[in-house]
file my_file_2.pdb (PDB, N, CA and C atoms, pLDDT in the B column)
MODEL        1
ATOM      1  N   MET A1314      93.508 110.071  79.167  1.00 64.00           N
ATOM      2  CA  MET A1314      94.151 109.171  80.132  1.00 64.00           C
ATOM      3  C   MET A1314      94.992 109.962  81.132  1.00 64.00           C
ATOM      4  N   ARG A1315      95.673 111.022  80.654  1.00 66.00           N
ATOM      5  CA  ARG A1315      96.556 111.782  81.544  1.00 66.00           C
ATOM      6  C   ARG A1315      95.785 112.344  82.729  1.00 66.00           C
ATOM      7  N   SER A1316      94.642 112.985  82.463  1.00 85.00           N
ATOM      8  CA  SER A1316      93.904 113.569  83.577  1.00 85.00           C
ATOM      9  C   SER A1316      93.374 112.483  84.513  1.00 85.00           C
ATOM     10  N   LEU A1317      93.048 111.323  83.954  1.00 88.00           N
ATOM     11  CA  LEU A1317      92.598 110.196  84.772  1.00 88.00           C
ATOM     12  C   LEU A1317      93.724 109.736  85.695  1.00 88.00           C
ATOM     13  N   VAL A1318      94.920 109.651  85.177  1.00 90.00           N
ATOM     14  CA  VAL A1318      96.079 109.230  85.970  1.00 90.00           C
ATOM     15  C   VAL A1318      96.354 110.245  87.080  1.00 90.00           C
ATOM     16  N   CYS A1319      96.336 111.533  86.743  1.00 92.00           N
ATOM     17  CA  CYS A1319      96.590 112.579  87.741  1.00 92.00           C
ATOM     18  C   CYS A1319      95.516 112.568  88.824  1.00 92.00           C
ATOM     19  N   LYS A1320      94.278 112.410  88.419  1.00 90.00           N
ATOM     20  CA  LYS A1320      93.182 112.400  89.390  1.00 90.00           C
ATOM     21  C   LYS A1320      93.277 111.184  90.308  1.00 90.00           C
ATOM     22  N   ALA A1321      93.559 110.013  89.730  1.00 91.00           N
ATOM     23  CA  ALA A1321      93.673 108.792  90.527  1.00 91.00           C
ATOM     24  C   ALA A1321      94.861 108.891  91.490  1.00 91.00           C
ATOM     25  N   PHE A1322      95.982 109.440  91.015  1.00 94.00           N
ATOM     26  CA  PHE A1322      97.142 109.609  91.887  1.00 94.00           C
ATOM     27  C   PHE A1322      96.782 110.531  93.053  1.00 94.00           C
ATOM     28  N   GLY A1323      96.143 111.647  92.740  1.00 95.00           N
ATOM     29  CA  GLY A1323      95.780 112.611  93.770  1.00 95.00           C
ATOM     30  C   GLY A1323      94.850 112.040  94.818  1.00 95.00           C
ATOM     31  N   GLN A1324      93.857 111.281  94.374  1.00 93.00           N
ATOM     32  CA  GLN A1324      92.923 110.662  95.314  1.00 93.00           C
ATOM     33  C   GLN A1324      93.638 109.654  96.201  1.00 93.00           C
ATOM     34  N   ASN A1325      94.536 108.895  95.599  1.00 95.00           N
ATOM     35  CA  ASN A1325      95.292 107.907  96.372  1.00 95.00           C
ATOM     36  C   ASN A1325      96.237 108.595  97.359  1.00 95.00           C
ATOM     37  N   LEU A1326      96.902 109.657  96.914  1.00 97.00           N
ATOM     38  CA  LEU A1326      97.781 110.418  97.805  1.00 97.00           C
ATOM     39  C   LEU A1326      96.991 110.952  98.997  1.00 97.00           C
ATOM     40  N   ARG A1327      95.819 111.510  98.745  1.00 97.00           N
ATOM     41  CA  ARG A1327      94.983 112.040  99.823  1.00 97.00           C
ATOM     42  C   ARG A1327      94.621 110.926 100.818  1.00 97.00           C
ATOM     43  N   SER A1328      94.258 109.760 100.296  1.00 96.00           N
ATOM     44  CA  SER A1328      93.897 108.636 101.166  1.00 96.00           C
ATOM     45  C   SER A1328      95.063 108.216 102.043  1.00 96.00           C
ATOM     46  N   VAL A1329      96.234 108.078 101.444  1.00 97.00           N
ATOM     47  CA  VAL A1329      97.420 107.675 102.203  1.00 97.00           C
ATOM     48  C   VAL A1329      97.770 108.751 103.232  1.00 97.00           C
ATOM     49  N   ARG A1330      97.726 110.005 102.809  1.00 98.00           N
ATOM     50  CA  ARG A1330      98.027 111.111 103.726  1.00 98.00           C
ATOM     51  C   ARG A1330      97.101 111.075 104.940  1.00 98.00           C
ATOM     52  N   GLN A1331      95.810 110.895 104.700  1.00 98.00           N
ATOM     53  CA  GLN A1331      94.854 110.857 105.797  1.00 98.00           C
ATOM     54  C   GLN A1331      95.048 109.631 106.681  1.00 98.00           C
ATOM     55  N   LEU A1332      95.331 108.484 106.064  1.00 97.00           N
ATOM     56  CA  LEU A1332      95.587 107.273 106.850  1.00 97.00           C
ATOM     57  C   LEU A1332      96.804 107.431 107.759  1.00 97.00           C
ATOM     58  N   LYS A1333      97.794 108.184 107.276  1.00 97.00           N
ATOM     59  CA  LYS A1333      99.012 108.399 108.058  1.00 97.00           C
ATOM     60  C   LYS A1333      98.844 109.528 109.081  1.00 97.00           C
ATOM     61  N   GLY A1334      97.682 110.188 109.070  1.00 97.00           N
ATOM     62  CA  GLY A1334      97.400 111.210 110.066  1.00 97.00           C
ATOM     63  C   GLY A1334      97.956 112.587 109.769  1.00 97.00           C
ATOM     64  N   PHE A1335      98.271 112.857 108.518  1.00 98.00           N
ATOM     65  CA  PHE A1335      98.805 114.164 108.145  1.00 98.00           C
ATOM     66  C   PHE A1335      97.695 115.073 107.642  1.00 98.00           C
ATOM     67  N   SER A1336      97.759 116.333 108.020  1.00 98.00           N
ATOM     68  CA  SER A1336      96.924 117.335 107.368  1.00 98.00           C
ATOM     69  C   SER A1336      97.625 117.707 106.058  1.00 98.00           C
ATOM     70  N   GLN A1337      96.878 118.326 105.182  1.00 97.00           N
ATOM     71  CA  GLN A1337      97.486 118.769 103.928  1.00 97.00           C
ATOM     72  C   GLN A1337      98.599 119.785 104.223  1.00 97.00           C
ATOM     73  N   GLU A1338      98.330 120.688 105.136  1.00 98.00           N
ATOM     74  CA  GLU A1338      99.324 121.691 105.503  1.00 98.00           C
ATOM     75  C   GLU A1338     100.558 121.060 106.147  1.00 98.00           C
ATOM     76  N   GLY A1339     100.349 120.078 107.019  1.00 98.00           N
ATOM     77  CA  GLY A1339     101.467 119.418 107.685  1.00 98.00           C
ATOM     78  C   GLY A1339     102.369 118.670 106.713  1.00 98.00           C
ATOM     79  N   LEU A1340     101.767 117.961 105.772  1.00 98.00           N
ATOM     80  CA  LEU A1340     102.573 117.240 104.776  1.00 98.00           C
ATOM     81  C   LEU A1340     103.305 118.218 103.879  1.00 98.00           C
ATOM     82  N   ALA A1341     102.630 119.269 103.462  1.00 98.00           N
ATOM     83  CA  ALA A1341     103.272 120.270 102.609  1.00 98.00           C
ATOM     84  C   ALA A1341     104.476 120.893 103.312  1.00 98.00           C
ATOM     85  N   ARG A1342     104.310 121.203 104.578  1.00 98.00           N
ATOM     86  CA  ARG A1342     105.410 121.795 105.352  1.00 98.00           C
ATOM     87  C   ARG A1342     106.584 120.825 105.446  1.00 98.00           C
ATOM     88  N   LEU A1343     106.286 119.562 105.755  1.00 97.00           N
ATOM     89  CA  LEU A1343     107.341 118.556 105.881  1.00 97.00           C
ATOM     90  C   LEU A1343     108.071 118.336 104.555  1.00 97.00           C
ATOM     91  N   ALA A1344     107.325 118.355 103.453  1.00 97.00           N
ATOM     92  CA  ALA A1344     107.910 118.133 102.126  1.00 97.00           C
ATOM     93  C   ALA A1344     108.493 119.407 101.521  1.00 97.00           C
ATOM     94  N   GLU A1345     108.307 120.517 102.239  1.00 97.00           N
ATOM     95  CA  GLU A1345     108.796 121.822 101.772  1.00 97.00           C
ATOM     96  C   GLU A1345     108.226 122.185 100.406  1.00 97.00           C
ATOM     97  N   ILE A1346     106.912 121.974 100.264  1.00 97.00           N
ATOM     98  CA  ILE A1346     106.204 122.397  99.062  1.00 97.00           C
ATOM     99  C   ILE A1346     105.013 123.246  99.496  1.00 97.00           C
ATOM    100  N   ASP A1347     104.503 124.035  98.587  1.00 97.00           N
ATOM    101  CA  ASP A1347     103.381 124.905  98.896  1.00 97.00           C
ATOM    102  C   ASP A1347     102.106 124.090  99.118  1.00 97.00           C
ATOM    103  N   ARG A1348     101.331 124.462 100.142  1.00 97.00           N
ATOM    104  CA  ARG A1348     100.098 123.743 100.439  1.00 97.00           C
ATOM    105  C   ARG A1348      99.109 123.813  99.282  1.00 97.00           C
ATOM    106  N   SER A1349      99.047 124.936  98.602  1.00 98.00           N
ATOM    107  CA  SER A1349      98.112 125.055  97.479  1.00 98.00           C
ATOM    108  C   SER A1349      98.521 124.126  96.329  1.00 98.00           C
ATOM    109  N   TYR A1350      99.837 123.930  96.139  1.00 97.00           N
ATOM    110  CA  TYR A1350     100.308 122.991  95.119  1.00 97.00           C
ATOM    111  C   TYR A1350      99.897 121.569  95.491  1.00 97.00           C
ATOM    112  N   LEU A1351     100.056 121.206  96.765  1.00 98.00           N
ATOM    113  CA  LEU A1351      99.662 119.875  97.216  1.00 98.00           C
ATOM    114  C   LEU A1351      98.165 119.671  96.997  1.00 98.00           C
ATOM    115  N   GLY A1352      97.385 120.693  97.241  1.00 97.00           N
ATOM    116  CA  GLY A1352      95.946 120.616  96.991  1.00 97.00           C
ATOM    117  C   GLY A1352      95.641 120.364  95.526  1.00 97.00           C
ATOM    118  N   LYS A1353      96.372 121.033  94.649  1.00 97.00           N
ATOM    119  CA  LYS A1353      96.190 120.823  93.201  1.00 97.00           C
ATOM    120  C   LYS A1353      96.574 119.402  92.806  1.00 97.00           C
ATOM    121  N   VAL A1354      97.633 118.875  93.412  1.00 97.00           N
ATOM    122  CA  VAL A1354      98.041 117.489  93.134  1.00 97.00           C
ATOM    123  C   VAL A1354      96.924 116.540  93.560  1.00 97.00           C
ATOM    124  N   GLU A1355      96.398 116.747  94.755  1.00 97.00           N
ATOM    125  CA  GLU A1355      95.350 115.860  95.274  1.00 97.00           C
ATOM    126  C   GLU A1355      94.059 115.942  94.464  1.00 97.00           C
ATOM    127  N   ARG A1356      93.810 117.084  93.824  1.00 95.00           N
ATOM    128  CA  ARG A1356      92.630 117.218  92.968  1.00 95.00           C
ATOM    129  C   ARG A1356      92.889 116.782  91.534  1.00 95.00           C
ATOM    130  N   GLY A1357      94.129 116.394  91.235  1.00 94.00           N
ATOM    131  CA  GLY A1357      94.475 115.934  89.890  1.00 94.00           C
ATOM    132  C   GLY A1357      94.607 117.052  88.881  1.00 94.00           C
ATOM    133  N   GLU A1358      94.887 118.251  89.353  1.00 95.00           N
ATOM    134  CA  GLU A1358      94.970 119.419  88.477  1.00 95.00           C
ATOM    135  C   GLU A1358      96.363 119.655  87.907  1.00 95.00           C
ATOM    136  N   VAL A1359      97.370 119.026  88.476  1.00 95.00           N
ATOM    137  CA  VAL A1359      98.744 119.189  87.995  1.00 95.00           C
ATOM    138  C   VAL A1359      99.390 117.824  87.809  1.00 95.00           C
ATOM    139  N   ASN A1360     100.390 117.799  86.973  1.00 93.00           N
ATOM    140  CA  ASN A1360     101.143 116.583  86.705  1.00 93.00           C
ATOM    141  C   ASN A1360     102.408 116.625  87.567  1.00 93.00           C
ATOM    142  N   ILE A1361     102.451 115.833  88.607  1.00 94.00           N
ATOM    143  CA  ILE A1361     103.556 115.848  89.564  1.00 94.00           C
ATOM    144  C   ILE A1361     104.780 115.142  88.982  1.00 94.00           C
ATOM    145  N   THR A1362     105.962 115.604  89.381  1.00 96.00           N
ATOM    146  CA  THR A1362     107.193 114.978  88.905  1.00 96.00           C
ATOM    147  C   THR A1362     107.516 113.727  89.726  1.00 96.00           C
ATOM    148  N   ILE A1363     108.316 112.884  89.162  1.00 96.00           N
ATOM    149  CA  ILE A1363     108.736 111.657  89.844  1.00 96.00           C
ATOM    150  C   ILE A1363     109.530 111.989  91.112  1.00 96.00           C
ATOM    151  N   GLU A1364     110.318 113.072  91.066  1.00 97.00           N
ATOM    152  CA  GLU A1364     111.080 113.473  92.253  1.00 97.00           C
ATOM    153  C   GLU A1364     110.147 113.823  93.411  1.00 97.00           C
ATOM    154  N   ARG A1365     109.059 114.511  93.101  1.00 97.00           N
ATOM    155  CA  ARG A1365     108.105 114.891  94.146  1.00 97.00           C
ATOM    156  C   ARG A1365     107.356 113.666  94.673  1.00 97.00           C
ATOM    157  N   ILE A1366     107.093 112.704  93.815  1.00 98.00           N
ATOM    158  CA  ILE A1366     106.447 111.469  94.276  1.00 98.00           C
ATOM    159  C   ILE A1366     107.345 110.784  95.307  1.00 98.00           C
ATOM    160  N   TYR A1367     108.628 110.695  95.015  1.00 98.00           N
ATOM    161  CA  TYR A1367     109.572 110.078  95.945  1.00 98.00           C
ATOM    162  C   TYR A1367     109.691 110.889  97.238  1.00 98.00           C
ATOM    163  N   LEU A1368     109.686 112.208  97.127  1.00 98.00           N
ATOM    164  CA  LEU A1368     109.757 113.066  98.298  1.00 98.00           C
ATOM    165  C   LEU A1368     108.525 112.874  99.184  1.00 98.00           C
ATOM    166  N   LEU A1369     107.337 112.878  98.586  1.00 98.00           N
ATOM    167  CA  LEU A1369     106.112 112.682  99.367  1.00 98.00           C
ATOM    168  C   LEU A1369     106.082 111.299 100.013  1.00 98.00           C
ATOM    169  N   ALA A1370     106.532 110.289  99.272  1.00 98.00           N
ATOM    170  CA  ALA A1370     106.576 108.936  99.833  1.00 98.00           C
ATOM    171  C   ALA A1370     107.519 108.883 101.036  1.00 98.00           C
ATOM    172  N   GLU A1371     108.653 109.548 100.935  1.00 98.00           N
ATOM    173  CA  GLU A1371     109.593 109.576 102.061  1.00 98.00           C
ATOM    174  C   GLU A1371     108.949 110.254 103.273  1.00 98.00           C
ATOM    175  N   CYS A1372     108.282 111.356 103.040  1.00 98.00           N
ATOM    176  CA  CYS A1372     107.620 112.073 104.140  1.00 98.00           C
ATOM    177  C   CYS A1372     106.500 111.244 104.764  1.00 98.00           C
ATOM    178  N   LEU A1373     105.798 110.478 103.937  1.00 98.00           N
ATOM    179  CA  LEU A1373     104.699 109.641 104.418  1.00 98.00           C
ATOM    180  C   LEU A1373     105.178 108.280 104.925  1.00 98.00           C
ATOM    181  N   GLN A1374     106.477 108.029 104.819  1.00 97.00           N
ATOM    182  CA  GLN A1374     107.093 106.763 105.226  1.00 97.00           C
ATOM    183  C   GLN A1374     106.394 105.579 104.552  1.00 97.00           C
ATOM    184  N   CYS A1375     106.306 105.675 103.236  1.00 97.00           N
ATOM    185  CA  CYS A1375     105.754 104.584 102.439  1.00 97.00           C
ATOM    186  C   CYS A1375     106.574 104.485 101.159  1.00 97.00           C
ATOM    187  N   SER A1376     106.317 103.465 100.378  1.00 96.00           N
ATOM    188  CA  SER A1376     107.038 103.336  99.116  1.00 96.00           C
ATOM    189  C   SER A1376     106.356 104.193  98.050  1.00 96.00           C
ATOM    190  N   PRO A1377     107.124 104.743  97.129  1.00 96.00           N
ATOM    191  CA  PRO A1377     106.517 105.489  96.022  1.00 96.00           C
ATOM    192  C   PRO A1377     105.491 104.635  95.271  1.00 96.00           C
ATOM    193  N   LYS A1378     105.769 103.353  95.188  1.00 94.00           N
ATOM    194  CA  LYS A1378     104.871 102.429  94.502  1.00 94.00           C
ATOM    195  C   LYS A1378     103.475 102.435  95.126  1.00 94.00           C
ATOM    196  N   SER A1379     103.400 102.621  96.433  1.00 94.00           N
ATOM    197  CA  SER A1379     102.094 102.610  97.086  1.00 94.00           C
ATOM    198  C   SER A1379     101.273 103.858  96.759  1.00 94.00           C
ATOM    199  N   LEU A1380     101.915 104.891  96.249  1.00 95.00           N
ATOM    200  CA  LEU A1380     101.201 106.106  95.867  1.00 95.00           C
ATOM    201  C   LEU A1380     100.691 106.059  94.428  1.00 95.00           C
ATOM    202  N   VAL A1381     101.303 105.204  93.610  1.00 93.00           N
ATOM    203  CA  VAL A1381     100.966 105.140  92.186  1.00 93.00           C
ATOM    204  C   VAL A1381     100.144 103.884  91.933  1.00 93.00           C
ATOM    205  N   LEU A1382      98.930 104.075  91.445  1.00 84.00           N
ATOM    206  CA  LEU A1382      98.054 102.943  91.169  1.00 84.00           C
ATOM    207  C   LEU A1382      98.438 102.262  89.862  1.00 84.00           C
ATOM    208  N   ASP A1383      98.216 100.957  89.791  1.00 76.00           N
ATOM    209  CA  ASP A1383      98.391 100.229  88.530  1.00 76.00           C
ATOM    210  C   ASP A1383      97.350 100.704  87.535  1.00 76.00           C
ATOM    211  N   VAL A1384      97.666 100.679  86.280  1.00 68.00           N
ATOM    212  CA  VAL A1384      96.727 101.100  85.238  1.00 68.00           C
ATOM    213  C   VAL A1384      95.428 100.305  85.329  1.00 68.00           C
ATOM    214  N   ASP A1385      95.521  99.034  85.701  1.00 69.00           N
ATOM    215  CA  ASP A1385      94.326  98.185  85.828  1.00 69.00           C
ATOM    216  C   ASP A1385      93.365  98.691  86.904  1.00 69.00           C
ATOM    217  N   GLN A1386      93.878  99.457  87.866  1.00 67.00           N
ATOM    218  CA  GLN A1386      93.053  99.945  88.967  1.00 67.00           C
ATOM    219  C   GLN A1386      92.352 101.264  88.635  1.00 67.00           C
ATOM    220  N   LEU A1387      92.725 101.888  87.525  1.00 62.00           N
ATOM    221  CA  LEU A1387      92.133 103.167  87.149  1.00 62.00           C
ATOM    222  C   LEU A1387      90.746 102.953  86.565  1.00 62.00           C
ATOM    223  N   GLU A1388      89.834 103.795  86.991  1.00 62.00           N
ATOM    224  CA  GLU A1388      88.458 103.723  86.479  1.00 62.00           C
ATOM    225  C   GLU A1388      88.182 104.958  85.652  1.00 62.00           C
ATOM    226  N   GLU A1389      87.646 104.774  84.473  1.00 54.00           N
ATOM    227  CA  GLU A1389      87.336 105.916  83.600  1.00 54.00           C
ATOM    228  C   GLU A1389      86.001 106.506  83.932  1.00 54.00           C
TER     229      GLU A1389
ENDMDL
END

call {"tool": "encode", "arguments": {"input": "my_file_2.pdb", "output": "structure tokens"}}
result
Amino acid sequence: MRSLVCKAFGQNLRSVRQLKGFSQEGLARLAEIDRSYLGKVERGEVNITIERIYLLAECLQCSPKSLVLDVDQLEE
């Protein structure tokens, strides 16, 4: 389940980032995180902290809730 959650979060983050018109590098720079780390988050390879979720949401001008999918929305 953990890898499913990380992968779903990453895919959703990528979608929101693209909808908001940010490149991966641009969002990473704004959030003051490494671009390669952001790439790992988007691929579901790392477990992101709640603080970083809030930071990314602030940078994307959206609610943290919009980045985190409900468990019912996860597909195995």

call {"tool": "axis_aligned_box", "arguments": {"input": "my_file_2.pdb", "around": "segment 1367-1386 of chain A", "padding_each_side": "5 Å", "output": "JSON"}}
result
{"center_x": 101.1, "center_y": 105.6, "center_z": 95.2, "size_x": 27.4, "size_y": 24.9, "size_z": 30.0}

call {"tool": "atom_distance", "arguments": {"input": "my_file_2.pdb", "atom1": "atom N of Val1329 of chain A", "atom2": "atom CA of Leu1380 of chain A"}}
result
7.7 Å

call {"tool": "residues_around", "arguments": {"input": "my_file_2.pdb", "residues": "segment 1336-1347 of chain A", "least_positions_apart": "6", "cutoff": "8 Å", "atoms": "only N, CA and C atoms", "output": "ChimeraX atom specification"}}
result
/A:1330,1353,1368-1369,1372-1373

call {"tool": "atom_distance", "arguments": {"input": "my_file_2.pdb", "atom1": "atom CA of Val1318 of chain A", "atom2": "atom CA of Gly1334 of chain A"}}
result
24.2 Å

call {"tool": "atom_distance", "arguments": {"input": "my_file_2.pdb", "atom1": "atom N of Arg1327 of chain A", "atom2": "atom CA of Arg1356 of chain A"}}
result
8.7 Å

call {"tool": "resolve_selection", "arguments": {"input": "my_file_2.pdb", "expression": "the PyMOL selection byres (((chain A and resi 1377 and name CA) around 10) and name CA)", "output": "list in words"}}
result
Ile1363, Glu1364, Arg1365, Ile1366, Tyr1367, Leu1368, Leu1369, Ala1370, Glu1371, Leu1373, Gln1374, Cys1375, Ser1376, Lys1378, Ser1379, Leu1380 and Val1381 of chain A

call {"tool": "residues_near_point", "arguments": {"input": "my_file_2.pdb", "point": "(95.3, 115.0, 87.8)", "cutoff": "7 Å", "atoms": "only N, CA and C atoms", "output": "list in words"}}
result
Arg1315, Ser1316, Leu1317, Val1318, Cys1319, Lys1320, Ala1321, Phe1322, Gly1323, Lys1353, Val1354, Glu1355, Arg1356, Gly1357, Glu1358, Val1359 and Asn1360 of chain A

call {"tool": "select_by_dssp", "arguments": {"input": "my_file_2.pdb", "residues": "chain A", "states": "helix (DSSP H, G or I)", "output": "PyMOL selection string"}}
result
chain A and resi 1315-1332+1337-1344+1348-1355+1363-1373+1377-1380+1384-1386
